[in-house]
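Trainee: Input file: coords-v9.cif. Contents: mmCIF, C-alpha atoms; chains and numbers go by the auth columns.
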data_upload
loop_
_atom_site.group_PDB
_atom_site.id
_atom_site.type_symbol
_atom_site.label_atom_id
_atom_site.label_comp_id
_atom_site.label_asym_id
_atom_site.label_seq_id
_atom_site.Cartn_x
_atom_site.Cartn_y
_atom_site.Cartn_z
_atom_site.B_iso_or_equiv
_atom_site.auth_seq_id
_atom_site.auth_asym_id
ATOM 1 C CA MET A 1 -147.164 5.533 -7.104 0.00 20 H
ATOM 2 C CA ASP A 2 -146.271 8.067 -4.436 0.00 21 H
ATOM 3 C CA ASN A 3 -144.293 11.301 -4.809 0.00 22 H
ATOM 4 C CA VAL A 4 -140.963 9.837 -3.715 0.00 23 H
ATOM 5 C CA LEU A 5 -141.089 7.085 -6.330 0.00 24 H
ATOM 6 C CA SER A 6 -142.186 9.619 -8.949 0.00 25 H
ATOM 7 C CA MET A 7 -139.118 11.719 -8.164 0.00 26 H
ATOM 8 C CA LEU A 8 -136.976 8.588 -8.392 0.00 27 H
ATOM 9 C CA GLY A 9 -138.401 7.957 -11.867 0.00 28 H
ATOM 10 C CA LEU A 10 -137.647 11.545 -12.850 0.00 29 H
ATOM 11 C CA ALA A 11 -134.050 11.187 -11.613 0.00 30 H
ATOM 12 C CA THR A 12 -133.781 8.025 -13.712 0.00 31 H
ATOM 13 C CA ARG A 13 -134.893 9.838 -16.837 0.00 32 H
ATOM 14 C CA ALA A 14 -132.366 12.586 -16.058 0.00 33 H
ATOM 15 C CA ARG A 15 -129.629 9.923 -15.724 0.00 34 H
ATOM 16 C CA LYS A 16 -128.858 10.950 -12.154 0.00 35 H
ATOM 17 C CA ILE A 17 -128.945 7.466 -10.587 0.00 36 H
ATOM 18 C CA VAL A 18 -126.681 4.482 -10.258 0.00 37 H
ATOM 19 C CA THR A 19 -128.056 0.986 -9.632 0.00 38 H
ATOM 20 C CA GLY A 20 -126.609 -2.243 -8.358 0.00 39 H
ATOM 21 C CA GLU A 21 -124.825 -2.946 -5.113 0.00 40 H
ATOM 22 C CA SER A 22 -121.223 -2.767 -6.326 0.00 41 H
ATOM 23 C CA PHE A 23 -121.788 0.342 -8.445 0.00 42 H
ATOM 24 C CA VAL A 24 -123.560 2.167 -5.616 0.00 43 H
ATOM 25 C CA VAL A 25 -120.872 1.219 -3.084 0.00 44 H
ATOM 26 C CA ASP A 26 -118.166 2.467 -5.482 0.00 45 H
ATOM 27 C CA ALA A 27 -120.067 5.720 -6.025 0.00 46 H
ATOM 28 C CA ILE A 28 -120.449 6.170 -2.253 0.00 47 H
ATOM 29 C CA ARG A 29 -116.697 5.665 -1.847 0.00 48 H
ATOM 30 C CA ASN A 30 -116.054 8.289 -4.526 0.00 49 H
ATOM 31 C CA LYS A 31 -118.494 10.683 -2.771 0.00 50 H
ATOM 32 C CA ARG A 32 -120.806 10.904 -5.784 0.00 51 H
ATOM 33 C CA VAL A 33 -123.990 9.623 -4.086 0.00 52 H
ATOM 34 C CA TYR A 34 -126.222 11.882 -1.971 0.00 53 H
ATOM 35 C CA LEU A 35 -129.013 9.429 -1.131 0.00 54 H
ATOM 36 C CA VAL A 36 -129.327 5.641 -1.297 0.00 55 H
ATOM 37 C CA PHE A 37 -132.500 3.603 -1.696 0.00 56 H
ATOM 38 C CA LEU A 38 -132.079 0.109 -0.295 0.00 57 H
ATOM 39 C CA ALA A 39 -134.889 -2.393 -0.835 0.00 58 H
ATOM 40 C CA SER A 40 -136.560 -3.529 2.373 0.00 59 H
ATOM 41 C CA ASP A 41 -136.387 -7.112 1.097 0.00 60 H
ATOM 42 C CA ALA A 42 -132.646 -7.011 0.342 0.00 61 H
ATOM 43 C CA GLY A 43 -130.453 -9.752 1.779 0.00 62 H
ATOM 44 C CA LYS A 44 -128.583 -9.404 5.051 0.00 63 H
ATOM 45 C CA ASN A 45 -125.154 -9.122 3.407 0.00 64 H
ATOM 46 C CA THR A 46 -126.312 -6.487 0.934 0.00 65 H
ATOM 47 C CA PHE A 47 -128.087 -4.560 3.680 0.00 66 H
ATOM 48 C CA LYS A 48 -125.010 -4.577 5.926 0.00 67 H
ATOM 49 C CA ARG A 49 -122.520 -3.720 3.177 0.00 68 H
ATOM 50 C CA VAL A 50 -124.540 -0.765 1.859 0.00 69 H
ATOM 51 C CA THR A 51 -125.622 0.655 5.233 0.00 70 H
ATOM 52 C CA ASP A 52 -122.111 0.386 6.712 0.00 71 H
ATOM 53 C CA LYS A 53 -120.548 2.128 3.720 0.00 72 H
ATOM 54 C CA ALA A 54 -123.248 4.821 3.703 0.00 73 H
ATOM 55 C CA LYS A 55 -122.867 5.405 7.433 0.00 74 H
ATOM 56 C CA TYR A 56 -119.093 5.758 7.145 0.00 75 H
ATOM 57 C CA TYR A 57 -119.424 8.322 4.329 0.00 76 H
ATOM 58 C CA ASN A 58 -122.456 10.099 5.905 0.00 77 H
ATOM 59 C CA VAL A 59 -124.932 9.220 3.136 0.00 78 H
ATOM 60 C CA ASP A 60 -128.625 8.875 3.988 0.00 79 H
ATOM 61 C CA VAL A 61 -130.298 5.507 3.323 0.00 80 H
ATOM 62 C CA CYS A 62 -134.001 5.004 2.634 0.00 81 H
ATOM 63 C CA THR A 63 -135.335 1.476 3.251 0.00 82 H
ATOM 64 C CA THR A 64 -139.049 2.221 2.894 0.00 83 H
ATOM 65 C CA TYR A 65 -139.636 0.503 -0.453 0.00 84 H
ATOM 66 C CA THR A 66 -139.413 -3.070 -1.720 0.00 85 H
ATOM 67 C CA SER A 67 -137.334 -4.150 -4.690 0.00 86 H
ATOM 68 C CA TYR A 68 -140.530 -4.432 -6.748 0.00 87 H
ATOM 69 C CA GLU A 69 -141.454 -0.791 -6.017 0.00 88 H
ATOM 70 C CA LEU A 70 -137.938 0.493 -6.717 0.00 89 H
ATOM 71 C CA SER A 71 -137.711 -1.531 -9.921 0.00 90 H
ATOM 72 C CA ALA A 72 -141.082 -0.255 -11.139 0.00 91 H
ATOM 73 C CA ALA A 73 -140.117 3.346 -10.377 0.00 92 H
ATOM 74 C CA ILE A 74 -136.893 3.236 -12.399 0.00 93 H
ATOM 75 C CA GLY A 75 -138.158 0.921 -15.137 0.00 94 H
ATOM 76 C CA LYS A 76 -135.616 -1.864 -14.613 0.00 95 H
ATOM 77 C CA ASP A 77 -136.064 -5.371 -13.260 0.00 96 H
ATOM 78 C CA ASN A 78 -134.899 -6.685 -9.889 0.00 97 H
ATOM 79 C CA ARG A 79 -133.026 -3.700 -8.433 0.00 98 H
ATOM 80 C CA MET A 80 -132.158 -3.781 -4.727 0.00 99 H
ATOM 81 C CA VAL A 81 -129.952 -0.685 -4.428 0.00 100 H
ATOM 82 C CA VAL A 82 -130.340 2.699 -6.120 0.00 101 H
ATOM 83 C CA GLY A 83 -128.103 5.716 -5.547 0.00 102 H
ATOM 84 C CA ILE A 84 -129.055 9.329 -6.318 0.00 103 H
ATOM 85 C CA LEU A 85 -126.145 11.215 -7.923 0.00 104 H
ATOM 86 C CA ASP A 86 -127.646 14.713 -7.802 0.00 105 H
ATOM 87 C CA ASN A 87 -127.956 16.787 -4.626 0.00 106 H
ATOM 88 C CA GLY A 88 -131.033 18.608 -5.931 0.00 107 H
ATOM 89 C CA PHE A 89 -132.919 15.359 -6.486 0.00 108 H
ATOM 90 C CA ALA A 90 -131.805 14.091 -3.067 0.00 109 H
ATOM 91 C CA ILE A 91 -133.131 17.218 -1.345 0.00 110 H
ATOM 92 C CA SER A 92 -136.427 17.035 -3.249 0.00 111 H
ATOM 93 C CA ILE A 93 -136.912 13.373 -2.410 0.00 112 H
ATOM 94 C CA MET A 94 -136.187 13.933 1.266 0.00 113 H
ATOM 95 C CA LYS A 95 -138.621 16.859 1.373 0.00 114 H
ATOM 96 C CA LYS A 96 -141.316 14.650 -0.176 0.00 115 H
ATOM 97 C CA GLY A 97 -141.211 12.540 2.970 0.00 116 H
ATOM 98 C CA CYS A 98 -138.681 9.755 2.488 0.00 117 H
ATOM 99 C CA ASP A 99 -137.840 8.264 5.897 0.00 118 H
ATOM 100 C CA CYS A 100 -134.074 7.861 5.909 0.00 119 H
ATOM 101 C CA TYR A 101 -131.425 6.531 8.235 0.00 120 H
ATOM 102 C CA GLY A 102 -128.802 9.126 9.005 0.00 121 H
ATOM 103 C CA LYS A 103 -131.102 12.018 8.181 0.00 122 H
ATOM 104 C CA LYS A 104 -129.158 14.951 9.578 0.00 123 H
ATOM 105 C CA ASP A 105 -129.688 18.028 7.453 0.00 124 H
ATOM 106 C CA GLU A 106 -132.684 18.157 5.155 0.00 125 H
ATOM 107 C CA GLU A 107 -131.496 21.280 3.326 0.00 126 H
ATOM 108 C CA LYS A 108 -128.192 19.704 2.286 0.00 127 H
ATOM 109 C CA GLY A 109 -129.567 16.330 1.235 0.00 128 H
ATOM 110 C CA GLY A 110 -126.407 14.702 2.552 0.00 129 H
ATOM 111 C CA THR A 111 -123.124 15.757 4.012 0.00 130 H
ATOM 112 C CA ASN A 112 -120.820 14.681 1.183 0.00 131 H
ATOM 113 C CA GLN A 113 -120.588 17.883 -0.813 0.00 132 H
#
How would this structure read if it were set down as structure tokens?

Mentor:
Amino acid sequence: MDNVLSMLGLATRARKIVTGESFVVDAIRNKRVYLVFLASDAGKNTFKRVTDKAKYYNVDVCTTYTSYELSAAIGKDNRMVVGILDNGFAISIMKKGCDCYGKKDEEKGGTNQ
């Protein structure tokens, strides 16, 4: 497991994540999410809905990992979308080398402060 997935597991244990498409989209709308992990094998509708919402609210999206890798990292089965609720974890993950869409300011982790 690489460093990014290890940090995702740590954020899970700290209860600083939200999982599931509808919950992540709601959290993005409420400006609670700083970084979104979207599985590379997610469906077209899920991909479009999450990336459009994240782009509108200036949230970075990482599509590097598959649903199997994301699920293994957080210890839950069949997860396609994971949102990071803590700016500190988002900054750490981005510094570890997560390739994200919308990556604008690495020090801030996201622009929704």

Trainee: What is the CA of Lys72 (chain H)-CA of Phe42 (chain H) distance in Å, reported with one decimal?

Mentor: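 Interatomic distance, CA of Lys72 (chain H) to CA of Phe42 (chain H): 12.4 Å.
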
Trainee: Set the distance at 7 Å and use only C-alpha atoms: which residues neighbour region 32-41 of chain H once local chain neighbours fewer than 5 positions away are removed? I'd like the list as a PDB file with C-alpha atoms, keeping the file's coordinate frame.

Mentor:
ATOM      1  CA  ARG H  98    -133.026  -3.700  -8.433  1.00  0.00           C
ATOM      2  CA  MET H  99    -132.158  -3.781  -4.727  1.00  0.00           C
ATOM      3  CA  VAL H 100    -129.952  -0.685  -4.428  1.00  0.00           C
ATOM      4  CA  VAL H 101    -130.340   2.699  -6.120  1.00  0.00           C
ATOM      5  CA  GLY H 102    -128.103   5.716  -5.547  1.00  0.00           C
ATOM      6  CA  ILE H 103    -129.055   9.329  -6.318  1.00  0.00           C
ATOM      7  CA  LEU H 104    -126.145  11.215  -7.923  1.00  0.00           C
ATOM      8  CA  ASP H 105    -127.646  14.713  -7.802  1.00  0.00           C
TER       9      ASP H 105
END

Trainee: Could you list, with a cut-off of 7 Å and counting only C-alpha atoms, the residues of region 76-104 of chain H near region 111-119 of chain H, each shown with its nearest atom pair and the distance in Å rounded to one decimal, rows sorted by chain and ascending number, as a Markdown table?

Mentor:
| residue | atom | partner | partner_atom | distance |
| --- | --- | --- | --- | --- |
| H:Asp79 | CA | H:Cys119 | CA | 5.9 |
| H:Val80 | CA | H:Cys119 | CA | 5.1 |
| H:Cys81 | CA | H:Cys119 | CA | 4.3 |
| H:Thr83 | CA | H:Asp118 | CA | 6.9 |

Trainee: Give me, please, the distance in Å between CA of Ala61 (chain H) and CA of Tyr84 (chain H), quoted to one decimal.

Mentor: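 Taking CA of Ala61 (chain H) and CA of Tyr84 (chain H), their separation equals 10.3 Å.
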
Trainee: Please report the interatomic distance between CA of Val43 (chain H) and CA of Asp21 (chain H) in Å with one decimal.

Mentor: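 Straight-line distance from CA of Val43 (chain H) to CA of Asp21 (chain H) works out to 23.5 Å.
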
Trainee: Pick from H:Tyr76, H:Asn22, H:Thr65, H:Gly28: nearest to Ser90 (chain H), with all atoms listed in the file counted?

Mentor: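 Looking at the shortest contact to Ser90 (chain H), the residue is H:Gly28.
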
Trainee: From the list H:Lys67, H:Val23, H:Tyr75, H:Thr82, which residue is nearest Val55 (chain H) when using all atoms listed in the file?

Mentor: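 Ranking H:Lys67, H:Val23, H:Tyr75, H:Thr82 by distance to Val55 (chain H), first place goes to H:Thr82.
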
Trainee: Nearest to Arg51 (chain H): which of H:Ala30, H:Ile93, H:Val78, H:Val69 is it, counting all atoms listed in the file?

Mentor: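 Answer, going by the shortest atom-to-atom distance: H:Val78.
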
Trainee: So that I can see what lies close to Asp96 (chain H), please list as a list in words the residues with an atom at most 10 Å from it, counting all atoms listed in the file and leaving out residues fewer than 6 positions away in the same chain.

Mentor: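 Here the answer would be Ser86, Tyr87, Leu89 and Ser90 of chain H.
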
Trainee: Closest to Tyr53 (chain H) among H:Thr70, H:Asn97, H:Ala109, H:Ser25, using only C-alpha atoms?

Mentor: H:Ala109

Trainee: Tell me which protein, DNA and RNA residues are within 6 Å of Thr85 (chain H), counting all atoms listed in the file, leaving out same-chain ones fewer than 4 positions away, and put them as a ChimeraX atom specification.

Mentor: /H:58-60
